[in-house]
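Engineer: Contents of start-v8.cif (mmCIF, C-alpha atoms):
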data_target
#
loop_
_atom_site.label_atom_id
_atom_site.label_comp_id
_atom_site.auth_asym_id
_atom_site.auth_seq_id
_atom_site.Cartn_x
_atom_site.Cartn_y
_atom_site.Cartn_z
CA MET A 1 34.69 -21.91 22.83
CA ARG A 2 33.46 -23.75 25.92
CA LEU A 3 33.04 -21.65 29.05
CA PRO A 4 34.68 -22.86 32.26
CA HIS A 5 32.25 -24.32 34.74
CA SER A 6 32.40 -21.27 36.94
CA ALA A 7 31.35 -19.04 34.00
CA ALA A 8 28.58 -21.28 32.73
CA LEU A 9 25.25 -19.56 32.09
CA PRO A 10 22.40 -20.32 34.51
CA ALA A 11 19.94 -22.93 33.27
CA THR A 12 17.04 -20.44 33.41
CA LEU A 13 18.90 -17.96 31.18
CA LEU A 14 19.82 -20.70 28.71
CA LEU A 15 16.14 -21.65 28.52
CA VAL A 16 15.13 -18.04 27.81
CA LEU A 17 17.77 -17.68 25.08
CA SER A 18 16.81 -20.99 23.52
CA THR A 19 13.10 -20.10 23.52
CA ALA A 20 13.78 -16.71 21.94
CA ALA A 21 15.86 -18.31 19.18
CA VAL A 22 13.16 -20.85 18.40
CA THR A 23 10.46 -18.15 18.44
CA ALA A 24 12.39 -15.94 15.99
CA ALA A 25 13.11 -18.88 13.69
CA ASP A 26 9.47 -19.93 13.70
CA MET A 27 8.11 -16.49 12.81
CA PRO A 28 6.71 -16.58 9.27
CA PRO A 29 7.93 -13.97 6.80
CA PRO A 30 5.57 -11.18 5.70
CA ALA A 31 3.14 -12.16 2.96
CA LEU A 32 0.39 -10.61 0.87
CA GLY A 33 -3.03 -10.88 2.47
CA ALA A 34 -6.45 -9.56 1.49
CA HIS A 35 -6.77 -6.67 -0.92
CA VAL A 36 -9.51 -4.65 -2.65
CA PHE A 37 -9.76 -1.51 -4.81
CA LEU A 38 -12.68 0.92 -4.82
CA GLY A 39 -13.02 3.31 -7.77
CA GLN A 40 -15.81 5.91 -7.77
CA GLY A 41 -16.53 7.81 -10.99
CA GLU A 42 -16.97 11.57 -11.25
CA GLY A 43 -20.53 12.55 -10.30
CA LEU A 44 -21.27 8.94 -9.33
CA GLY A 45 -19.62 8.91 -5.93
CA VAL A 46 -21.24 8.70 -2.52
CA THR A 47 -20.03 9.50 0.96
CA PRO A 48 -18.55 7.78 2.75
CA ALA A 49 -16.57 5.96 0.05
CA THR A 50 -16.36 2.39 1.36
CA THR A 51 -14.48 -0.59 -0.03
CA ALA A 52 -16.07 -3.98 -0.46
CA PRO A 53 -15.50 -6.15 2.64
CA VAL A 54 -12.57 -8.59 2.78
CA ASP A 55 -11.41 -11.04 5.45
CA THR A 56 -8.19 -10.06 7.22
CA GLN A 57 -6.20 -11.59 10.06
CA ALA A 58 -7.33 -10.88 13.60
CA SER A 59 -3.88 -9.49 14.45
CA GLY A 60 -0.33 -9.32 13.17
CA SER A 61 -0.89 -7.42 9.90
CA VAL A 62 0.20 -4.16 8.32
CA PHE A 63 -2.52 -2.35 6.37
CA ILE A 64 -1.95 0.12 3.54
CA ALA A 65 -4.60 2.39 1.98
CA PHE A 66 -4.57 5.34 -0.41
CA ASN A 67 -6.96 8.25 -0.92
CA ALA A 68 -6.75 9.55 -4.50
CA GLY A 69 -9.10 12.25 -5.76
CA TYR A 70 -10.23 15.76 -4.88
CA ALA A 71 -7.90 17.57 -2.49
CA SER A 72 -10.97 18.68 -0.53
CA ASN A 73 -11.86 15.04 0.19
CA ASP A 74 -8.80 14.68 2.41
CA ALA A 75 -10.27 12.84 5.40
CA THR A 76 -8.16 10.16 7.06
CA PRO A 77 -9.45 6.62 6.42
CA ARG A 78 -11.35 4.71 9.06
CA ASP A 79 -12.17 1.01 9.13
CA THR A 80 -14.55 -1.47 10.70
CA TYR A 81 -12.02 -2.56 13.35
CA GLY A 82 -11.18 0.89 14.69
CA ASN A 83 -7.54 0.99 13.63
CA ARG A 84 -5.56 4.23 13.76
CA TRP A 85 -4.41 5.22 10.27
CA LYS A 86 -1.26 7.30 9.95
CA PRO A 87 -0.10 9.23 6.86
CA LEU A 88 2.74 7.81 4.79
CA GLY A 89 4.39 11.17 4.32
CA GLY A 90 2.53 14.10 2.79
CA ALA A 91 -0.01 14.25 -0.01
CA GLN A 92 1.17 14.31 -3.62
CA THR A 93 -0.51 16.90 -5.85
CA TYR A 94 -1.30 15.77 -9.39
CA ALA A 95 0.44 17.68 -12.17
CA ASN A 96 -1.55 19.80 -14.64
CA TYR A 97 -4.73 20.04 -12.53
CA GLY A 98 -3.87 23.03 -10.40
CA ASP A 99 -4.22 22.05 -6.76
CA ARG A 100 -7.53 20.24 -7.21
CA PHE A 101 -6.39 16.61 -7.02
CA THR A 102 -4.04 14.79 -4.64
CA VAL A 103 -3.09 11.25 -3.64
CA GLN A 104 -2.18 10.33 -0.06
CA GLY A 105 -1.00 7.04 1.45
CA TYR A 106 -1.84 5.73 4.92
CA VAL A 107 -0.60 2.85 7.08
CA VAL A 108 -1.64 0.81 10.10
CA THR A 109 0.91 -1.36 11.93
CA ASP A 110 -0.07 -4.12 14.35
CA GLY A 111 -3.52 -3.88 12.83
CA LYS A 112 -6.69 -5.46 14.15
CA GLY A 113 -8.83 -7.27 11.62
CA GLY A 114 -11.27 -10.07 10.95
CA ALA A 115 -14.25 -10.94 8.79
CA ALA A 116 -15.92 -8.33 6.56
CA HIS A 117 -13.14 -5.77 6.98
CA SER A 118 -13.71 -2.57 5.01
CA VAL A 119 -12.15 0.91 4.84
CA SER A 120 -14.08 4.16 4.43
CA ILE A 121 -13.30 7.79 3.63
CA ASP A 122 -15.69 10.64 4.37
CA LYS A 123 -15.98 12.98 1.36
CA ARG A 124 -16.63 16.33 2.96
CA GLY A 125 -15.55 18.46 0.00
CA GLU A 126 -16.98 16.78 -3.12
CA PRO A 127 -19.40 14.05 -1.98
CA ARG A 128 -20.20 12.95 -5.54
CA GLY A 129 -16.65 13.43 -6.82
CA GLU A 130 -14.28 10.78 -8.17
CA LEU A 131 -12.20 8.92 -5.60
CA SER A 132 -10.04 5.79 -5.67
CA LEU A 133 -9.26 3.77 -2.56
CA PRO A 134 -7.09 0.63 -2.54
CA PHE A 135 -6.80 -1.36 0.70
CA VAL A 136 -4.03 -3.97 1.06
CA GLU A 137 -3.11 -6.27 3.94
CA VAL A 138 0.39 -7.66 4.53
CA ARG A 139 0.21 -10.53 7.00
CA HIS A 140 2.96 -11.22 9.56
CA GLY A 141 4.37 -7.75 8.92
CA THR A 142 5.48 -5.55 11.80
CA ARG A 143 6.83 -2.40 10.16
CA VAL A 144 7.24 -0.34 7.04
CA ALA A 145 10.95 -0.80 6.37
CA ALA A 146 11.23 1.66 3.47
CA VAL A 147 9.12 3.96 1.30
CA ALA A 148 10.13 5.34 -2.10
CA ARG A 149 7.91 8.06 -3.54
CA SER A 150 8.44 9.84 -6.84
CA TYR A 151 6.62 11.58 -9.68
CA ALA A 152 7.48 10.43 -13.19
CA ASP A 153 7.12 12.56 -16.30
CA GLY A 154 5.08 11.13 -19.16
CA ALA A 155 6.75 8.16 -20.87
CA LEU A 156 5.80 4.72 -22.13
CA GLN A 157 7.76 3.21 -19.23
CA VAL A 158 8.34 4.87 -15.87
CA ALA A 159 10.50 3.71 -12.97
CA SER A 160 9.98 4.03 -9.24
CA ASP A 161 12.71 5.05 -6.87
CA THR A 162 14.42 2.24 -4.97
CA VAL A 163 13.91 0.63 -1.57
CA THR A 164 16.53 -1.36 0.34
CA VAL A 165 15.69 -4.21 2.74
CA ASN A 166 17.87 -6.37 4.99
CA GLY A 167 15.94 -9.61 4.56
CA PRO A 168 12.59 -11.10 3.47
CA ALA A 169 10.00 -8.45 2.64
CA THR A 170 6.71 -7.87 0.87
CA LEU A 171 6.97 -5.05 -1.66
CA LEU A 172 3.85 -3.08 -2.63
CA ALA A 173 3.92 -0.81 -5.68
CA PHE A 174 1.28 1.83 -6.46
CA TRP A 175 0.88 3.60 -9.84
CA TRP A 176 -1.31 6.70 -10.12
CA GLY A 177 -1.52 7.95 -13.71
CA ASP A 178 -2.21 11.61 -14.39
CA GLY A 179 -3.47 11.46 -17.99
CA GLY A 180 -6.88 12.77 -19.00
CA VAL A 181 -7.81 9.40 -20.53
CA LYS A 182 -10.50 6.89 -19.68
CA ARG A 183 -9.18 3.66 -21.21
CA MET A 184 -5.60 2.52 -20.66
CA THR A 185 -3.34 -0.45 -20.06
CA VAL A 186 -0.73 -0.65 -17.32
CA SER A 187 1.60 -3.45 -16.27
CA PRO A 188 4.52 -3.78 -13.82
CA GLY A 189 7.89 -5.40 -14.51
CA ASP A 190 10.84 -6.56 -12.39
CA GLY A 191 9.02 -9.59 -11.01
CA PHE A 192 6.02 -7.66 -9.70
CA GLN A 193 2.50 -9.00 -10.21
CA LEU A 194 -0.57 -6.81 -10.73
CA ILE A 195 -3.22 -7.46 -8.07
CA ASP A 196 -5.72 -4.59 -8.50
CA ALA A 197 -6.34 -1.88 -11.07
CA PHE A 198 -8.89 0.77 -12.00
CA VAL A 199 -7.91 1.64 -15.57
CA THR A 200 -11.20 1.31 -17.44
CA LEU A 201 -12.90 4.43 -16.19
CA PRO A 202 -16.57 5.37 -16.49
CA ASP A 203 -17.50 7.90 -19.16
CA GLU A 204 -17.79 10.50 -16.39
CA SER A 205 -14.07 9.95 -15.60
CA GLY A 206 -12.30 8.69 -12.47
CA VAL A 207 -8.89 8.39 -10.81
CA GLN A 208 -6.83 5.68 -12.49
CA GLY A 209 -4.63 3.52 -10.31
CA ALA A 210 -2.90 0.15 -10.14
CA VAL A 211 -1.40 -1.98 -7.37
CA ALA A 212 1.31 -4.64 -7.71
CA TRP A 213 3.35 -6.75 -5.32
CA ARG A 214 6.51 -8.81 -5.12
CA GLN A 215 7.80 -11.14 -2.44
CA VAL A 216 11.58 -10.98 -1.91
CA GLU A 217 13.52 -13.45 0.21
CA THR A 218 16.93 -11.80 0.43
CA ALA A 219 18.43 -8.46 1.36
CA GLY A 220 18.86 -6.08 -1.55
CA THR A 221 17.77 -2.95 -3.37
CA TYR A 222 14.63 -3.09 -5.50
CA ARG A 223 12.56 -0.95 -7.84
CA VAL A 224 9.66 -1.43 -10.26
CA HIS A 225 9.16 -0.28 -13.85
CA TRP A 226 5.61 0.38 -15.06
CA THR A 227 4.56 0.30 -18.72
CA ALA A 228 1.40 2.26 -19.51
CA ALA A 229 -0.40 3.32 -22.66
CA PRO A 230 -1.44 5.95 -23.61
CA VAL A 231 1.67 7.74 -22.37
CA GLN A 232 1.15 9.72 -19.18
CA GLY A 233 2.96 10.85 -16.06
CA ALA A 234 2.38 9.09 -12.76
CA ALA A 235 2.78 9.40 -9.02
CA LEU A 236 4.61 6.28 -7.82
CA TRP A 237 5.04 4.59 -4.45
CA LEU A 238 7.12 1.54 -3.60
CA ILE A 239 6.65 0.31 -0.02
CA ALA A 240 8.69 -2.43 1.69
CA ILE A 241 7.11 -4.22 4.63
CA GLN A 242 9.06 -6.53 6.92
#
In structure tokens, what does this structure look like?

Structural biologist:
Amino acid sequence: MRLPHSAALPATLLLVLSTAAVTAADMPPPALGAHVFLGQGEGLGVTPATTAPVDTQASGSVFIAFNAGYASNDATPRDTYGNRWKPLGGAQTYANYGDRFTVQGYVVTDGKGGAAHSVSIDKRGEPRGELSLPFVEVRHGTRVAAVARSYADGALQVASDTVTVNGPATLLAFWWGDGGVKRMTVSPGDGFQLIDAFVTLPDESGVQGAVAWRQVETAGTYRVHWTAAPVQGAALWLIAIQ
């Protein structure tokens, strides 16, 4: 409906509204960026545990990292660009190992990055102990829209809990098996693609893990099924970034 002349919006306000609409329309959707996975074997580790360097965006990214290993090596990650890492909820204790092993997720929003970007964890409890550390960038992301965390009993196929998003999103799925095995296969379903995995462990053992992603363009509710052999339980995360 056309406004009468006396109620017409000022030209300066129309310009602001028009610019905001164009800016929002031109913003790219979130997308997978750089990623790397460090796996240190039992008795072979060093401190700090540091990922290989990757090139990330200078700004405008969300970063996700996990610390999986001895509960005593529970230091918060740090990185080469001085970002502040915040916990994604509390630590998950592995089943059947007492309280010795945990896995903890961390996030940075509005992250600073650039060339040769690496993440480190100081191992104050067990310097030579096993530790796994994935580091994933989601470019053009501004927030973690949803997190689903669960612990699946041993089965050939396990399912994450669900996340719900209201539009385009990058979904990151993390599988942390709890079996006392050193050679295994693991694969995601539901349109997810495996991007990193540490599932062929050294003879001294290690912390098995896998990372997968899926880009979704529409609002909806999503989950991921993982198929792993030999059968084992797993700590599972599904993270939606918008």

Engineer: Just so the selection is clear, what residues does the PyMOL selection byres ((chain A and resi 77-83) around 7) cover here, as number ranges by chain?

Structural biologist: A: 75-76, 84-85, 108, 111-113, 117-121

Engineer: Residues of the last selection are to be written out with C-alpha atoms, as a PDB file, keeping the file's coordinate frame.

Structural biologist:
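Full text of result25.pdb as output:
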ATOM      1  CA  ALA A  75     -10.270  12.840   5.400  1.00  0.00           C
ATOM      2  CA  THR A  76      -8.160  10.160   7.060  1.00  0.00           C
ATOM      3  CA  ARG A  84      -5.560   4.230  13.760  1.00  0.00           C
ATOM      4  CA  TRP A  85      -4.410   5.220  10.270  1.00  0.00           C
ATOM      5  CA  VAL A 108      -1.640   0.810  10.100  1.00  0.00           C
ATOM      6  CA  GLY A 111      -3.520  -3.880  12.830  1.00  0.00           C
ATOM      7  CA  LYS A 112      -6.690  -5.460  14.150  1.00  0.00           C
ATOM      8  CA  GLY A 113      -8.830  -7.270  11.620  1.00  0.00           C
ATOM      9  CA  HIS A 117     -13.140  -5.770   6.980  1.00  0.00           C
ATOM     10  CA  SER A 118     -13.710  -2.570   5.010  1.00  0.00           C
ATOM     11  CA  VAL A 119     -12.150   0.910   4.840  1.00  0.00           C
ATOM     12  CA  SER A 120     -14.080   4.160   4.430  1.00  0.00           C
ATOM     13  CA  ILE A 121     -13.300   7.790   3.630  1.00  0.00           C
TER      14      ILE A 121
END

Engineer: Select, from A:Phe192, A:Tyr94, A:Tyr106, A:Tyr222, the residue with the minimum atom-to-atom distance to Leu133 in chain A, counting only C-alpha atoms.

Structural biologist: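 When distances to Leu133 in chain A are compared using only C-alpha atoms, the smallest one comes from A:Tyr106.
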
Engineer: How far is it from CA of Met184 in chain A to CA of Asn96 in chain A, in Å with one decimal?

Structural biologist: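 Interatomic distance, CA of Met184 in chain A to CA of Asn96 in chain A: 18.7 Å.
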
Engineer: Within 7 Å of Gly39 in chain A, counting all atoms listed in the file, which residues qualify if same-chain residues fewer than 2 places away don't, as a compact mmCIF listing (two decimals) with C-alpha atoms, keeping the file's coordinate frame?

Structural biologist:
# COMPACT_ATOMS: atom_id res chain seq x y z
CA PHE A 37 -9.76 -1.51 -4.81
CA GLY A 41 -16.53 7.81 -10.99
CA LEU A 131 -12.20 8.92 -5.60
CA SER A 132 -10.04 5.79 -5.67
CA LEU A 133 -9.26 3.77 -2.56
CA PHE A 198 -8.89 0.77 -12.00

Engineer: Give me the residues near Thr47 in chain A as a short mmCIF file (atom, residue, chain, number, x, y, z; two decimals) with C-alpha atoms, in the frame of the given file, where near means some atom within 6 Å (using all atoms listed in the file) and where sequence neighbours in that chain fewer than 2 positions away do not count.

Structural biologist:
data_model
loop_
_atom_site.label_atom_id
_atom_site.label_comp_id
_atom_site.auth_asym_id
_atom_site.auth_seq_id
_atom_site.Cartn_x
_atom_site.Cartn_y
_atom_site.Cartn_z
CA ALA A 49 -16.57 5.96 0.05
CA ASP A 122 -15.69 10.64 4.37
CA LYS A 123 -15.98 12.98 1.36
CA PRO A 127 -19.40 14.05 -1.98
#

Engineer: For each of A:Asp153, A:Asp196, A:Glu126, A:Asp110, take the minimum atom-to-atom distance to Val62 in chain A, counting all atoms listed in the file, then give the residue where this is smallest.

Structural biologist: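 Looking only at the distances to Val62 in chain A, the closest residue turns out to be A:Asp110.
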
Engineer: Check which residues satisfy the PyMOL selection byres ((chain A and resi 145) around 7) in the file shown, then give them as a PyMOL selection string.

Structural biologist: chain A and resi 143-144+146+165+240-242
